[in-house]
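Heads up, the thing below is written out as structure tokens.
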Amino acid sequence: MKVKMLSRNPDNYVRETKLDLQRVPRNYDPTLHPFEVPREYVRALNATKLERVFAKPFLASLDGHRDGVNCLAKHPKSLATVLSGACDGEVRIWNLTKRNCIRTIQAHEGFVRGICTRFCGSSFFTVGDDKTVKQWKMDGPGFGEEEEPLHTILGKTVYTGIDHHWKEGIFATCGQQVDIWDEQKTSPICSMTWGFDSISSVKFNPIETFLLGSCASDRNIVLYDMRQATPLKKVILDMRTNTICWNPMEAFIFTAANEDYNLYTFDMRALDTPVMVHMDHVSAVLDVDYSPTGKEFVSASFDKSIRIFPVDKSRSREVYHTKRMQHVICVKWTSDSKYIMCGSDEMNIRLWKANASEKLGVLTSREKTAKDYNQKLKEKFQYHPHIKRIARHRHLPKSIYSQIQEQRIMKEARRRKEVNRLKHSKPGSVPIVSEKKKHVVAVVK
């Protein structure tokens, strides 16, 4: 004879303390919950609306420079330390936690063209218009000591950029050519050049550390291998590239910030076609920096805004601007992936949240659960037209908005012209070129 027993575990319905919420038994059978999807849709809609309500990305403005901020550098070991170089030759070290300047150095005559930190964080390097490369201690001078550089190298030409190796005591400078230096020597180990124009920036690959890339004013992006001391290959674009940034997670991927208002993500193994063309800016893109996760990057533009792009999308997910912010010269994504810093013409460094509506500070467990649940709901219903429209909408300054409309008309006119030319030509006589390949002129090996 079979006997059915009722078995109840008190843990399922008894509270641990009287402050806890009452436990409610739930039956997850979908037939018992016929209105679950409409209910979840309303929750997703509310979560999306609240996200836009709480989107206040601007955190702080670090002021103190007496000229435009030309370059920024992160400390490799300390999240709170940031270095900035200005157009009057002044270098400042900032504490982001206290939001104040902890040290000021008059490093160069004229512009500070580039600044980078040593991989261990003990010192940093600056280059300027006075044709010098200077190495400085990260810690300030002791009591009664003068502010002096550790080493000074006097070059023959103006240096326009500098970057340090990720693991060894080697750094690279660029100007008329790319020079690789040993920290202990006063002359370069090797010099590499390809073409005759000045080179505006040079960057070491963070994964394959012997690779570096540079971009020159004759529209080239050149890749070098330090082991062979020769250039590997170069890609020539329609317009000049201002700077490049390597993806910290994928060794072969880099993104180039171009004068034609676009950013191009390339795979260095196949340079003839960009992996993705990122279009949203309405003026020249001046700087780009990857998030430590390698999933997104931030770009700074002459149109007085910064934008955050997912690596695999052609449109930006976020745009930041203020009334006071002028042309943004440089931008950096902090090493904890939470904040973005940008330096602009009007002498300020601004600190932004990478996720505009994120709540700062310690979250309770219930807040975390609600946040994760809302995030999943937004992902589930992200393609619904009403939710998509609310999530995508951004207020833009009038200047940017009117330029976007103007460019849309110009792009449509170009497309119409191409279609008409194809329509009225002999079949096969006019080649169809994809949007990605349009901007690449040639690849030279």
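Chain labels run A, B, ... following the order of the structure tokens; each chain numbers its residues from 1, and ligands are numbered from 1 in the order shown.
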Could you give me, as a PDB file with C-alpha atoms, in the first residue's frame, the residues within 12 Å of Glu418 of chain A, counting only C-alpha atoms and dropping anything in the same chain fewer than 3 positions from it?
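Contents of the output file around-v6.pdb:
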ATOM      1  CA  LYS A 411      25.126  61.386 -47.844  1.00  0.00           C
ATOM      2  CA  GLU A 412      21.732  60.779 -49.433  1.00  0.00           C
ATOM      3  CA  ALA A 413      22.718  62.962 -52.425  1.00  0.00           C
ATOM      4  CA  ARG A 414      25.936  60.939 -52.887  1.00  0.00           C
ATOM      5  CA  ARG A 415      24.023  57.657 -52.667  1.00  0.00           C
ATOM      6  CA  ARG A 421      25.346  56.268 -62.372  1.00  0.00           C
ATOM      7  CA  LEU A 422      24.874  52.494 -61.997  1.00  0.00           C
ATOM      8  CA  LYS A 423      21.428  52.675 -63.564  1.00  0.00           C
ATOM      9  CA  HIS A 424      22.589  54.551 -66.660  1.00  0.00           C
ATOM     10  CA  SER A 425      25.879  52.703 -67.265  1.00  0.00           C
ATOM     11  CA  VAL A 430      30.878  50.749 -62.811  1.00  0.00           C
ATOM     12  CA  PRO A 431      32.242  48.681 -59.890  1.00  0.00           C
ATOM     13  CA  ILE A 432      30.142  48.488 -56.711  1.00  0.00           C
ATOM     14  CA  VAL A 433      32.373  49.435 -53.759  1.00  0.00           C
ATOM     15  CA  SER A 434      31.193  48.622 -50.225  1.00  0.00           C
TER      16      SER A 434
END
Sel. of strand (DSSP E) residues, segment 33-137 of chain A, as JSON, numbers by chain: {"A": [58, 59, 60, 61, 62, 63, 69, 70, 71, 72, 73, 74, 81, 82, 83, 84, 85, 86, 90, 91, 92, 93, 94, 95, 100, 101, 102, 103, 104, 105, 106, 112, 113, 114, 115, 116, 117, 123, 124, 125, 126, 127, 128, 132, 133, 134, 135, 136, 137]}
Might you pull out every residue within 8 Å of Lys233 of chain A, with only C-alpha atoms counted and same-chain residues fewer than 4 positions away left off, and present them as number ranges by chain? A: 222-224, 443-445
Using only C-alpha atoms for the distances, tell me which of A:Tyr373, A:Trp194, A:Tyr28, A:Trp94 is nearest to Asp63 of chain A.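 Of A:Tyr373, A:Trp194, A:Tyr28, A:Trp94, the one nearest Asp63 of chain A, counting only C-alpha atoms, is A:Trp94.
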For Ala55 of chain A, the nearest of the candidates A:Val319, A:Cys116, A:Leu237, A:Met226, counting only C-alpha atoms: A:Val319
Skip Pro149 of chain A itself and residues of its chain fewer than 3 positions away, then list as a PDB file with C-alpha atoms, in the first residue's frame all residues within 8 Å of it, counting only C-alpha atoms.
ATOM      1  CA  LYS A 134      62.512  64.113 -20.077  1.00  0.00           C
ATOM      2  CA  GLN A 135      62.118  61.402 -17.452  1.00  0.00           C
ATOM      3  CA  TRP A 136      60.607  62.463 -14.099  1.00  0.00           C
ATOM      4  CA  LYS A 137      60.141  60.689 -10.756  1.00  0.00           C
ATOM      5  CA  THR A 152      66.998  64.714 -20.281  1.00  0.00           C
TER       6      THR A 152
END
Counting only C-alpha atoms, figure out which residue out of A:Met239, A:Ala229, A:Leu59, A:Leu79 gets nearest to Ser357 of chain A.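 Answer, going by the shortest atom-to-atom distance: A:Leu59.
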Counting only C-alpha atoms, which of A:Phe171, A:Pro57, A:Thr293, A:Thr132 gets nearest to Asn355 of chain A? A:Pro57
If we count only C-alpha atoms and set the cut-off at 8 Å, which residues sit around Phe210 of chain A, ignoring sequence neighbours fewer than 5 positions away in its own chain? Please answer as a ChimeraX atom specification. /A:204-205,225-227
